Amino acid sequence: MQRREFVLGSPAVLATTACSGSTDELPPPPAKSPGKATTPPAAPAKAPPSTTAVADPHAGHAGHHASDDTTLGVAAECLKTGEVCMQHCFMLLGQGDTSMAACARSAYEMLAVTRALLALAAGPSEQLVAQARVALAAGERCEAECRKHEGKHAACKACAESCKAAITRYRALVG
């Protein structure tokens, strides 16, 4: 038997074998008792439409999940411009421009702590102020490094500006 015959013939053989079983291998169908009619159960009665207003089950929960929208906004902007800046630094480092190493490192650290701050600002967290202190230090370092390159690289300038706005917000949180 050639391979082609085996491959093409196998499904037909299997189908024939599966269908050729004797009928006594199957269980017999359930017997119907004469005179006994089976009817489906009746559907439950529907309640009349209510004229009273249904209370919102989530009413009163606003304070439980309140987010800090101002902090979320500046942190998100910082993440966006920081990612662009860091990728720009990587590109220049790949071309041999080692002067961008400190900028890439500071952007990397700023991104790491800002992601954590963003997560904490999304809901009430007792750790938000503590994380704001860390983000403040990382943001100040990132802004300082980016300012060194802002005249030459638009990505560094945008990152420095978003860090500046975030620093202002973090200082307000820390108090």
# chains A, B, ... in the order shown; residues from 1 in each chain; ligands from 1

call {"tool": "residues_around", "arguments": {"residues": "range 171-173 of chain A", "least_positions_apart": "2", "cutoff": "9 Å", "atoms": "only C-alpha atoms", "output": "number ranges by chain"}}
result
A: 71, 128-129, 132-133, 136, 166-169, 175

call {"tool": "write_last_selection", "arguments": {"atoms": "N, CA and C atoms", "output": "PDB file, in the first residue's frame"}}
result
ATOM      1  N   THR A  71      -4.125  63.232  39.308  1.00  0.00           N
ATOM      2  CA  THR A  71      -2.887  62.447  39.367  1.00  0.00           C
ATOM      3  C   THR A  71      -2.845  61.430  38.230  1.00  0.00           C
ATOM      4  N   LEU A 128      -0.602  55.803  48.320  1.00  0.00           N
ATOM      5  CA  LEU A 128      -0.444  56.786  47.246  1.00  0.00           C
ATOM      6  C   LEU A 128       0.545  57.882  47.614  1.00  0.00           C
ATOM      7  N   VAL A 129       0.460  58.426  48.807  1.00  0.00           N
ATOM      8  CA  VAL A 129       1.359  59.513  49.207  1.00  0.00           C
ATOM      9  C   VAL A 129       2.804  59.008  49.273  1.00  0.00           C
ATOM     10  N   ALA A 132       3.996  58.683  45.851  1.00  0.00           N
ATOM     11  CA  ALA A 132       4.192  60.017  45.267  1.00  0.00           C
ATOM     12  C   ALA A 132       5.567  60.567  45.647  1.00  0.00           C
ATOM     13  N   ARG A 133       6.037  60.258  46.853  1.00  0.00           N
ATOM     14  CA  ARG A 133       7.391  60.698  47.255  1.00  0.00           C
ATOM     15  C   ARG A 133       8.453  60.066  46.367  1.00  0.00           C
ATOM     16  N   LEU A 136       8.166  61.497  42.900  1.00  0.00           N
ATOM     17  CA  LEU A 136       8.684  62.865  42.898  1.00  0.00           C
ATOM     18  C   LEU A 136      10.197  62.859  42.679  1.00  0.00           C
ATOM     19  N   ALA A 166       4.037  66.650  36.387  1.00  0.00           N
ATOM     20  CA  ALA A 166       3.828  65.576  37.357  1.00  0.00           C
ATOM     21  C   ALA A 166       4.458  65.938  38.704  1.00  0.00           C
ATOM     22  N   ILE A 167       5.636  66.529  38.663  1.00  0.00           N
ATOM     23  CA  ILE A 167       6.323  66.934  39.894  1.00  0.00           C
ATOM     24  C   ILE A 167       5.455  67.903  40.683  1.00  0.00           C
ATOM     25  N   THR A 168       4.841  68.843  40.000  1.00  0.00           N
ATOM     26  CA  THR A 168       3.956  69.812  40.660  1.00  0.00           C
ATOM     27  C   THR A 168       2.810  69.079  41.357  1.00  0.00           C
ATOM     28  N   ARG A 169       2.212  68.110  40.687  1.00  0.00           N
ATOM     29  CA  ARG A 169       1.105  67.349  41.277  1.00  0.00           C
ATOM     30  C   ARG A 169       1.581  66.492  42.443  1.00  0.00           C
ATOM     31  N   GLY A 175       2.498  67.144  50.189  1.00  0.00           N
ATOM     32  CA  GLY A 175       2.164  68.211  51.129  1.00  0.00           C
ATOM     33  C   GLY A 175       3.289  69.003  51.625  1.00  0.00           C
TER      34      GLY A 175
END

call {"tool": "residues_around", "arguments": {"residues": "Lys148 in chain A", "least_positions_apart": "2", "cutoff": "10 Å", "atoms": "only C-alpha atoms", "output": "PyMOL selection string"}}
result
chain A and resi 99-100+103+143-146+150-153+156-157+160

call {"tool": "write_last_selection", "arguments": {"atoms": "N, CA, C and O atoms", "output": "compact mmCIF listing (two decimals), in the first residue's frame"}}
result
# COMPACT_ATOMS: atom_id res chain seq x y z
N SER A 99 26.09 59.56 25.22
CA SER A 99 25.67 60.68 26.06
C SER A 99 24.21 60.54 26.50
O SER A 99 23.77 61.25 27.41
N MET A 100 23.48 59.62 25.89
CA MET A 100 22.07 59.43 26.22
C MET A 100 21.85 58.37 27.29
O MET A 100 20.71 58.10 27.68
N CYS A 103 20.12 59.68 30.51
CA CYS A 103 18.74 60.05 30.18
C CYS A 103 17.88 58.80 30.07
O CYS A 103 16.77 58.75 30.62
N GLU A 143 13.52 64.77 34.81
CA GLU A 143 13.42 66.10 34.22
C GLU A 143 14.81 66.72 34.05
O GLU A 143 15.13 67.29 33.00
N ALA A 144 15.65 66.58 35.08
CA ALA A 144 17.00 67.17 35.01
C ALA A 144 17.81 66.57 33.87
O ALA A 144 18.51 67.30 33.14
N GLU A 145 17.74 65.26 33.69
CA GLU A 145 18.49 64.60 32.61
C GLU A 145 17.95 65.00 31.24
O GLU A 145 18.70 65.26 30.31
N CYS A 146 16.61 65.06 31.12
CA CYS A 146 16.01 65.41 29.84
C CYS A 146 16.28 66.86 29.46
O CYS A 146 16.42 67.18 28.27
N GLU A 150 17.10 68.72 25.78
CA GLU A 150 15.87 69.26 25.20
C GLU A 150 16.09 70.15 23.98
O GLU A 150 15.23 70.21 23.11
N GLY A 151 17.22 70.82 23.90
CA GLY A 151 17.50 71.66 22.74
C GLY A 151 17.76 70.87 21.48
O GLY A 151 17.58 71.38 20.37
N LYS A 152 18.19 69.63 21.64
CA LYS A 152 18.57 68.81 20.50
C LYS A 152 17.52 67.74 20.15
O LYS A 152 17.42 67.33 19.01
N HIS A 153 16.74 67.31 21.16
CA HIS A 153 15.81 66.20 20.96
C HIS A 153 14.42 66.58 21.47
O HIS A 153 14.23 66.83 22.66
N CYS A 156 13.02 64.43 24.36
CA CYS A 156 13.53 64.77 25.69
C CYS A 156 12.81 66.01 26.23
O CYS A 156 12.48 66.07 27.42
N LYS A 157 12.54 66.97 25.36
CA LYS A 157 11.84 68.18 25.79
C LYS A 157 10.42 67.85 26.26
O LYS A 157 9.97 68.31 27.31
N ALA A 160 10.59 66.08 29.62
CA ALA A 160 10.91 67.01 30.70
C ALA A 160 9.69 67.84 31.09
O ALA A 160 9.42 68.06 32.28

call {"tool": "closest_residue", "arguments": {"among": "A:Leu118, A:Ala135, A:Val113, A:Ala102", "to": "Ala75 in chain A", "atoms": "only C-alpha atoms"}}
result
A:Leu118

call {"tool": "closest_residue", "arguments": {"among": "A:Ala104, A:Val174, A:Ala158, A:Leu93", "to": "Cys78 in chain A", "atoms": "only C-alpha atoms"}}
result
A:Ala158

call {"tool": "closest_residue", "arguments": {"among": "A:Ser106, A:Ala155, A:Ala122, A:Ala76", "to": "His88 in chain A", "atoms": "only C-alpha atoms"}}
result
A:Ala155

call {"tool": "closest_residue", "arguments": {"among": "A:Leu120, A:Thr114, A:Glu83, A:Tyr108", "to": "Asp69 in chain A", "atoms": "only C-alpha atoms"}}
result
A:Leu120

call {"tool": "atom_distance", "arguments": {"atom1": "CA of Thr98 in chain A", "atom2": "CA of Cys163 in chain A"}}
result
22.6 Å

call {"tool": "atom_distance", "arguments": {"atom1": "CA of Glu109 in chain A", "atom2": "CA of Ala121 in chain A"}}
result
18.4 Å

call {"tool": "closest_residue", "arguments": {"among": "A:Met110, A:Ala154, A:Ala116, A:Val74", "to": "Ala137 in chain A", "atoms": "only C-alpha atoms"}}
result
A:Met110

call {"tool": "atom_distance", "arguments": {"atom1": "CA of Glu161 in chain A", "atom2": "CA of Leu92 in chain A"}}
result
20.7 Å
